[in-house]
>>> print(open('target-v4.cif').read())   # mmCIF, C-alpha atoms
data_final
loop_
_atom_site.label_atom_id
_atom_site.label_comp_id
_atom_site.auth_asym_id
_atom_site.auth_seq_id
_atom_site.Cartn_x
_atom_site.Cartn_y
_atom_site.Cartn_z
CA MET A 16 21.47 -1.51 50.44
CA ASN A 17 24.62 0.00 48.89
CA ASP A 18 24.07 0.98 45.26
CA TYR A 19 27.18 1.77 43.23
CA VAL A 20 26.20 0.76 39.69
CA ASP A 21 23.92 2.09 36.93
CA LEU A 22 24.66 0.66 33.49
CA HIS A 23 21.63 1.50 31.32
CA THR A 24 21.20 5.21 30.52
CA HIS A 25 20.74 7.43 27.47
CA THR A 26 21.83 10.89 26.34
CA ILE A 27 20.53 13.26 23.67
CA ALA A 28 22.29 11.06 21.11
CA SER A 29 19.49 8.50 21.49
CA GLY A 30 17.03 10.99 20.04
CA HIS A 31 14.33 10.81 22.71
CA ALA A 32 16.51 11.57 25.74
CA TYR A 33 17.29 15.02 27.07
CA SER A 34 20.73 15.39 28.68
CA THR A 35 24.32 15.52 27.45
CA ILE A 36 27.09 13.06 28.27
CA GLU A 37 28.64 15.66 30.57
CA ALA A 38 25.39 16.21 32.49
CA MET A 39 24.83 12.47 32.90
CA ILE A 40 28.37 11.90 34.19
CA LYS A 41 28.07 14.77 36.66
CA ALA A 42 24.76 13.38 37.95
CA ALA A 43 26.28 9.92 38.39
CA GLU A 44 29.24 11.31 40.34
CA GLN A 45 26.89 13.27 42.60
CA LYS A 46 24.90 10.08 43.30
CA GLY A 47 28.05 8.20 44.36
CA ILE A 48 27.94 5.83 41.38
CA ARG A 49 31.25 4.04 40.82
CA LEU A 50 30.40 2.11 37.65
CA PHE A 51 28.29 4.07 35.18
CA GLY A 52 27.09 3.03 31.73
CA ILE A 53 25.84 5.16 28.85
CA THR A 54 24.12 2.87 26.35
CA GLU A 55 22.62 4.76 23.45
CA HIS A 56 19.86 3.16 21.41
CA ALA A 57 21.35 1.27 18.48
CA PRO A 58 20.59 2.38 14.89
CA LYS A 59 17.26 0.63 14.20
CA MET A 60 15.48 2.63 16.91
CA PRO A 61 13.83 5.60 15.16
CA GLY A 62 15.64 8.89 15.75
CA THR A 63 18.83 7.55 17.32
CA CYS A 64 22.45 7.78 16.19
CA SER A 65 24.19 5.90 13.38
CA GLU A 66 26.72 3.09 13.50
CA LEU A 67 29.47 5.68 13.05
CA TYR A 68 28.64 7.15 16.47
CA PHE A 69 29.38 3.82 18.16
CA ASN A 70 32.57 3.29 16.16
CA ASN A 71 34.00 6.53 17.56
CA LEU A 72 33.28 5.98 21.27
CA ARG A 73 36.97 5.19 21.79
CA VAL A 74 37.72 8.95 21.96
CA LEU A 75 35.83 9.36 25.26
CA GLU A 76 37.43 9.24 28.70
CA ARG A 77 36.46 6.25 30.84
CA LYS A 78 37.84 7.32 34.23
CA HIS A 79 36.28 10.22 36.11
CA GLY A 80 37.80 10.40 39.58
CA GLU A 81 36.76 7.20 41.38
CA MET A 82 34.08 6.41 38.78
CA TYR A 83 34.33 4.46 35.55
CA THR A 84 32.05 5.68 32.76
CA LEU A 85 31.55 2.96 30.17
CA PHE A 86 30.11 3.51 26.71
CA GLY A 87 28.09 1.01 24.74
CA ALA A 88 24.73 0.35 23.16
CA GLU A 89 21.23 -0.74 23.95
CA LEU A 90 20.91 -3.15 21.06
CA ASN A 91 17.59 -3.85 19.40
CA ILE A 92 16.71 -7.52 19.11
CA MET A 93 15.67 -7.88 15.49
CA ASP A 94 14.42 -11.44 14.99
CA MET A 95 13.90 -14.81 16.64
CA GLU A 96 17.39 -15.94 15.70
CA GLY A 97 18.71 -13.30 18.08
CA HIS A 98 20.29 -10.92 15.58
CA VAL A 99 20.94 -7.38 16.80
CA ASP A 100 21.38 -4.11 14.93
CA LEU A 101 25.12 -3.57 15.17
CA PRO A 102 27.69 -5.76 13.40
CA GLU A 103 30.35 -7.74 15.21
CA ARG A 104 33.10 -5.33 14.15
CA THR A 105 31.31 -2.61 16.13
CA LEU A 106 30.22 -4.82 19.03
CA LYS A 107 33.89 -5.66 19.63
CA GLN A 108 34.50 -2.00 20.46
CA MET A 109 31.68 -1.66 23.01
CA ASP A 110 32.43 -1.50 26.73
CA LEU A 111 29.06 -3.11 27.40
CA CYS A 112 25.89 -4.05 25.56
CA VAL A 113 22.30 -4.24 26.72
CA ALA A 114 19.95 -6.19 24.41
CA SER A 115 16.24 -5.39 24.51
CA MET A 116 12.96 -6.01 22.73
CA HIS A 117 11.40 -2.77 21.46
CA GLY A 118 8.12 -2.36 19.61
CA PRO A 119 9.54 -0.48 16.60
CA CYS A 120 12.02 -3.29 15.94
CA PHE A 121 10.56 -6.61 17.10
CA HIS A 122 7.00 -7.89 17.12
CA PRO A 123 6.10 -10.44 19.81
CA GLY A 124 5.58 -14.10 19.13
CA THR A 125 4.37 -16.88 21.39
CA ILE A 126 5.87 -17.50 24.83
CA GLU A 127 8.05 -20.19 23.29
CA GLU A 128 9.18 -17.94 20.44
CA ASN A 129 9.96 -14.96 22.68
CA THR A 130 11.89 -17.18 25.07
CA LYS A 131 13.87 -18.76 22.23
CA THR A 132 14.70 -15.26 20.99
CA TYR A 133 16.15 -14.20 24.34
CA LEU A 134 18.13 -17.42 24.64
CA ASN A 135 19.59 -16.92 21.17
CA VAL A 136 20.58 -13.34 22.05
CA MET A 137 22.33 -14.56 25.20
CA LYS A 138 24.63 -16.66 23.04
CA ASN A 139 26.11 -13.47 21.59
CA PRO A 140 29.40 -13.01 23.51
CA TYR A 141 29.08 -9.21 23.37
CA VAL A 142 25.69 -9.09 25.13
CA ASN A 143 26.07 -8.43 28.87
CA ILE A 144 22.57 -7.46 30.02
CA ILE A 145 19.06 -8.39 28.93
CA GLY A 146 17.15 -5.11 29.17
CA HIS A 147 13.68 -4.89 30.76
CA PRO A 148 12.54 -8.55 30.27
CA ASP A 149 9.40 -7.64 32.21
CA ASP A 150 6.77 -6.71 29.64
CA SER A 151 3.78 -9.02 29.14
CA TYR A 152 3.63 -7.72 25.56
CA TYR A 153 6.60 -10.08 25.13
CA LEU A 154 5.47 -13.05 27.20
CA VAL A 155 8.34 -15.29 28.25
CA ASP A 156 9.08 -18.50 30.15
CA TYR A 157 10.96 -17.00 33.11
CA ARG A 158 12.41 -20.27 34.32
CA ALA A 159 14.05 -20.86 30.93
CA LEU A 160 15.18 -17.22 30.84
CA VAL A 161 16.88 -17.50 34.23
CA GLU A 162 18.48 -20.82 33.31
CA GLY A 163 19.82 -19.21 30.14
CA ALA A 164 21.23 -16.23 32.03
CA LYS A 165 23.05 -18.59 34.39
CA GLU A 166 24.44 -20.66 31.51
CA HIS A 167 25.65 -17.69 29.46
CA HIS A 168 26.77 -15.40 32.32
CA VAL A 169 24.37 -12.61 31.35
CA LEU A 170 22.68 -10.19 33.73
CA LEU A 171 18.91 -9.87 33.88
CA GLU A 172 17.74 -6.33 34.46
CA VAL A 173 15.21 -4.95 36.93
CA ASN A 174 14.34 -1.71 35.17
CA ASN A 175 13.21 1.42 37.00
CA GLY A 176 11.59 2.88 33.88
CA SER A 177 9.47 -0.23 33.42
CA LEU A 178 8.33 -0.27 37.03
CA THR A 179 7.51 3.43 37.29
CA PRO A 180 3.70 3.79 37.62
CA GLY A 181 2.00 4.91 34.43
CA GLY A 182 4.53 3.29 32.11
CA PHE A 183 3.51 1.62 28.87
CA ARG A 184 4.92 -1.84 29.61
CA GLN A 185 2.47 -4.40 30.97
CA ASN A 186 2.46 -6.28 34.32
CA THR A 187 6.04 -5.29 35.04
CA LYS A 188 5.88 -5.64 38.83
CA GLU A 189 4.35 -9.13 38.69
CA ASN A 190 6.80 -10.25 36.03
CA SER A 191 9.82 -8.78 37.84
CA CYS A 192 8.80 -10.56 41.05
CA LYS A 193 8.41 -13.86 39.19
CA MET A 194 11.85 -13.43 37.60
CA LEU A 195 13.47 -12.51 40.92
CA GLU A 196 12.01 -15.53 42.71
CA LEU A 197 13.57 -17.77 40.07
CA CYS A 198 16.88 -15.88 40.18
CA LYS A 199 16.90 -16.47 43.93
CA GLU A 200 16.24 -20.18 43.37
CA TYR A 201 19.02 -20.51 40.76
CA LYS A 202 21.40 -18.03 42.46
CA VAL A 203 21.51 -15.84 39.35
CA PRO A 204 22.68 -12.23 39.83
CA VAL A 205 20.54 -9.32 38.63
CA ILE A 206 21.15 -5.63 38.02
CA MET A 207 19.01 -2.66 38.94
CA ASP A 208 19.14 -0.02 36.18
CA SER A 209 17.57 3.40 35.93
CA ASP A 210 17.13 3.43 32.13
CA ALA A 211 17.53 7.18 32.63
CA HIS A 212 16.68 9.41 29.67
CA VAL A 213 17.48 12.59 31.64
CA ASP A 214 20.20 13.43 34.16
CA THR A 215 17.81 13.76 37.11
CA ALA A 216 16.90 10.07 36.73
CA VAL A 217 20.48 8.73 36.88
CA GLY A 218 20.92 6.22 39.69
CA ASN A 219 17.20 6.13 40.48
CA HIS A 220 16.44 2.53 41.42
CA GLN A 221 13.45 3.25 43.65
CA TYR A 222 11.07 0.76 42.07
CA PRO A 223 13.56 -2.08 41.47
CA LEU A 224 14.54 -1.80 45.12
CA GLU A 225 10.89 -2.11 46.13
CA VAL A 226 10.37 -5.38 44.26
CA ILE A 227 13.73 -6.75 45.43
CA GLN A 228 12.68 -6.13 49.01
CA MET A 229 9.19 -7.50 48.32
CA VAL A 230 10.57 -10.92 47.39
CA ASP A 231 13.35 -10.84 50.02
CA PHE A 232 15.97 -11.12 47.29
CA PRO A 233 19.55 -11.76 48.52
CA GLU A 234 21.66 -8.60 48.52
CA GLU A 235 24.72 -10.55 47.39
CA LEU A 236 22.97 -11.36 44.10
CA VAL A 237 22.36 -7.66 43.29
CA VAL A 238 25.46 -6.57 41.37
CA ASN A 239 24.81 -2.90 42.21
CA THR A 240 26.16 -3.64 45.68
CA ASN A 241 29.41 -5.18 44.43
CA VAL A 242 31.44 -3.34 41.79
CA GLU A 243 33.83 -6.24 41.25
CA LEU A 244 30.94 -8.64 40.62
CA ALA A 245 29.42 -6.19 38.15
CA LYS A 246 32.75 -5.86 36.34
CA SER A 247 32.89 -9.63 35.82
CA PHE A 248 29.95 -9.38 33.42
CA LEU A 249 31.27 -6.53 31.25
CA ASN A 250 33.24 -6.49 28.01
CA TYR A 251 35.47 -3.60 29.09
CA PHE A 252 36.97 -5.49 32.00
CA LYS A 253 37.62 -8.63 30.00
CA SER A 254 40.67 -6.91 28.49
CA PRO A 255 43.85 -7.51 30.56
CA GLU A 256 44.76 -3.80 30.50
CA HIS A 257 41.50 -2.89 32.27
CA LEU A 258 41.60 -5.45 35.06
#
>>> encode(input="target-v4.cif", output="structure tokens")
Amino acid sequence: MNDYVDLHTHTIASGHAYSTIEAMIKAAEQKGIRLFGITEHAPKMPGTCSELYFNNLRVLERKHGEMYTLFGAELNIMDMEGHVDLPERTLKQMDLCVASMHGPCFHPGTIEENTKTYLNVMKNPYVNIIGHPDDSYYLVDYRALVEGAKEHHVLLEVNNGSLTPGGFRQNTKENSCKMLELCKEYKVPVIMDSDAHVDTAVGNHQYPLEVIQMVDFPEELVVNTNVELAKSFLNYFKSPEHL
């Protein structure tokens, strides 16, 4: 399977990652990535950068040879109404946004409450990807999640960090398979992301690829194989000057 896209990664700016922007870009180029995303943890994650950091991302180059490097945020979902931890004035400037549930920022509710939260987040026009919706700590109705992703044109992520053995998230392989079976049924595209916190992990989709093959998931629904399909989900390419 061709794999040209990795849109969820972190640099030292996130506080608990270990490589610079330059090192991450170099690693992505060496892996043959053509659409690369650096999405620092948004401000409510302990130890990460401030809102000011995100407001100044405009100074960074987006084109590196044949590769686009896009800059955005991994937003923290803050409540069941779907609020996130950057204001609209900042979200408007992001090339892409991943929205995720993280323990320091959001405590789980019931299946119904967690599902409602994700569906509310999907209504935010600046959210492009739901990050690692695979953790049984945040139980969810996957059929409703997939239906919501289809309705709101949002990508569901198959996360390499979650699926790596020894990780702290619960039942991630079983949950990812369940989600993928439903995405196959509804013809909803997904994205494989590394969630790299160090340059050596950029473009590593080993475990997402394993579960995708396990459920015989259609290659045409994996946006990593199709740069133009991936672009259709991202804020950056919604501007006429970037088409």
>>> closest_residue(input="target-v4.cif", among="A:Lys246, A:His220, A:Lys188, A:Lys199", to="Asp18 of chain A", atoms="all atoms listed in the file")
A:His220
>>> resolve_selection(input="target-v4.cif", expression="the PyMOL selection byres ((chain A and resi 232) around 12)", output="count of residues only")
31
>>> resolve_selection(input="target-v4.cif", expression="the PyMOL selection byres ((chain A and resi 94) around 12)", output="PyMOL selection string")
chain A and resi 91-93+95-100+115-118+120-124+128-136
>>> atom_distance(input="target-v4.cif", atom1="atom CA of Thr187 of chain A", atom2="atom CA of Val217 of chain A")
20.2 Å
>>> closest_residue(input="target-v4.cif", among="A:Ala164, A:Met137, A:Leu171, A:Leu154", to="Met207 of chain A", atoms="all atoms listed in the file")
A:Leu171
>>> closest_residue(input="target-v4.cif", among="A:Ala211, A:Gly47, A:Gln108, A:Met60", to="Val74 of chain A", atoms="all atoms listed in the file")
A:Gln108
>>> residues_around(input="target-v4.cif", residues="Asn190 of chain A", least_positions_apart="6", cutoff="8 Å", atoms="all atoms listed in the file", output="PDB file with C-alpha atoms, in the coordinates of the input")
ATOM      1  CA  ASP A 149       9.400  -7.640  32.210  1.00  0.00           C
ATOM      2  CA  ASP A 150       6.770  -6.710  29.640  1.00  0.00           C
ATOM      3  CA  SER A 151       3.780  -9.020  29.140  1.00  0.00           C
TER       4      SER A 151
END
>>> atom_distance(input="target-v4.cif", atom1="atom CA of Ala42 of chain A", atom2="atom CA of Ala28 of chain A")
17.2 Å
>>> atom_distance(input="target-v4.cif", atom1="atom CA of Thr240 of chain A", atom2="atom CA of Gln185 of chain A")
27.9 Å
>>> build_atoms(input="target-v4.cif", residues="segment 38-52 of chain A", atoms="N, CA, C and O atoms", output="compact mmCIF listing (two decimals), keeping the file's coordinate frame")
# COMPACT_ATOMS: atom_id res chain seq x y z
N ALA A 38 26.40 16.08 31.43
CA ALA A 38 25.39 16.21 32.49
C ALA A 38 25.11 14.86 33.15
O ALA A 38 24.92 14.78 34.37
N MET A 39 25.10 13.80 32.35
CA MET A 39 24.83 12.47 32.90
C MET A 39 25.98 12.02 33.81
O MET A 39 25.76 11.46 34.90
N ILE A 40 27.22 12.27 33.37
CA ILE A 40 28.37 11.90 34.19
C ILE A 40 28.38 12.67 35.51
O ILE A 40 28.61 12.09 36.58
N LYS A 41 28.11 13.96 35.44
CA LYS A 41 28.07 14.77 36.66
C LYS A 41 27.01 14.25 37.62
O LYS A 41 27.25 14.13 38.83
N ALA A 42 25.84 13.91 37.10
CA ALA A 42 24.76 13.38 37.95
C ALA A 42 25.18 12.07 38.60
O ALA A 42 24.90 11.84 39.78
N ALA A 43 25.84 11.21 37.84
CA ALA A 43 26.28 9.92 38.39
C ALA A 43 27.30 10.12 39.50
O ALA A 43 27.24 9.45 40.55
N GLU A 44 28.24 11.02 39.30
CA GLU A 44 29.24 11.31 40.34
C GLU A 44 28.57 11.83 41.60
O GLU A 44 28.92 11.44 42.72
N GLN A 45 27.59 12.70 41.44
CA GLN A 45 26.89 13.27 42.60
C GLN A 45 26.10 12.20 43.36
O GLN A 45 25.90 12.33 44.57
N LYS A 46 25.66 11.16 42.66
CA LYS A 46 24.90 10.08 43.30
C LYS A 46 25.82 9.03 43.94
O LYS A 46 25.34 8.08 44.56
N GLY A 47 27.12 9.17 43.79
CA GLY A 47 28.05 8.20 44.36
C GLY A 47 28.18 6.93 43.54
O GLY A 47 28.67 5.90 44.04
N ILE A 48 27.79 6.99 42.27
CA ILE A 48 27.94 5.83 41.38
C ILE A 48 29.43 5.60 41.11
O ILE A 48 30.19 6.55 40.90
N ARG A 49 29.85 4.37 41.10
CA ARG A 49 31.25 4.04 40.82
C ARG A 49 31.44 3.33 39.49
O ARG A 49 32.55 3.27 38.95
N LEU A 50 30.35 2.78 38.95
CA LEU A 50 30.40 2.11 37.65
C LEU A 50 29.16 2.55 36.88
O LEU A 50 28.04 2.16 37.21
N PHE A 51 29.38 3.39 35.86
CA PHE A 51 28.29 4.07 35.18
C PHE A 51 28.33 3.72 33.69
O PHE A 51 29.39 3.72 33.07
N GLY A 52 27.17 3.40 33.14
CA GLY A 52 27.09 3.03 31.73
C GLY A 52 26.18 3.95 30.95
O GLY A 52 25.06 4.24 31.39
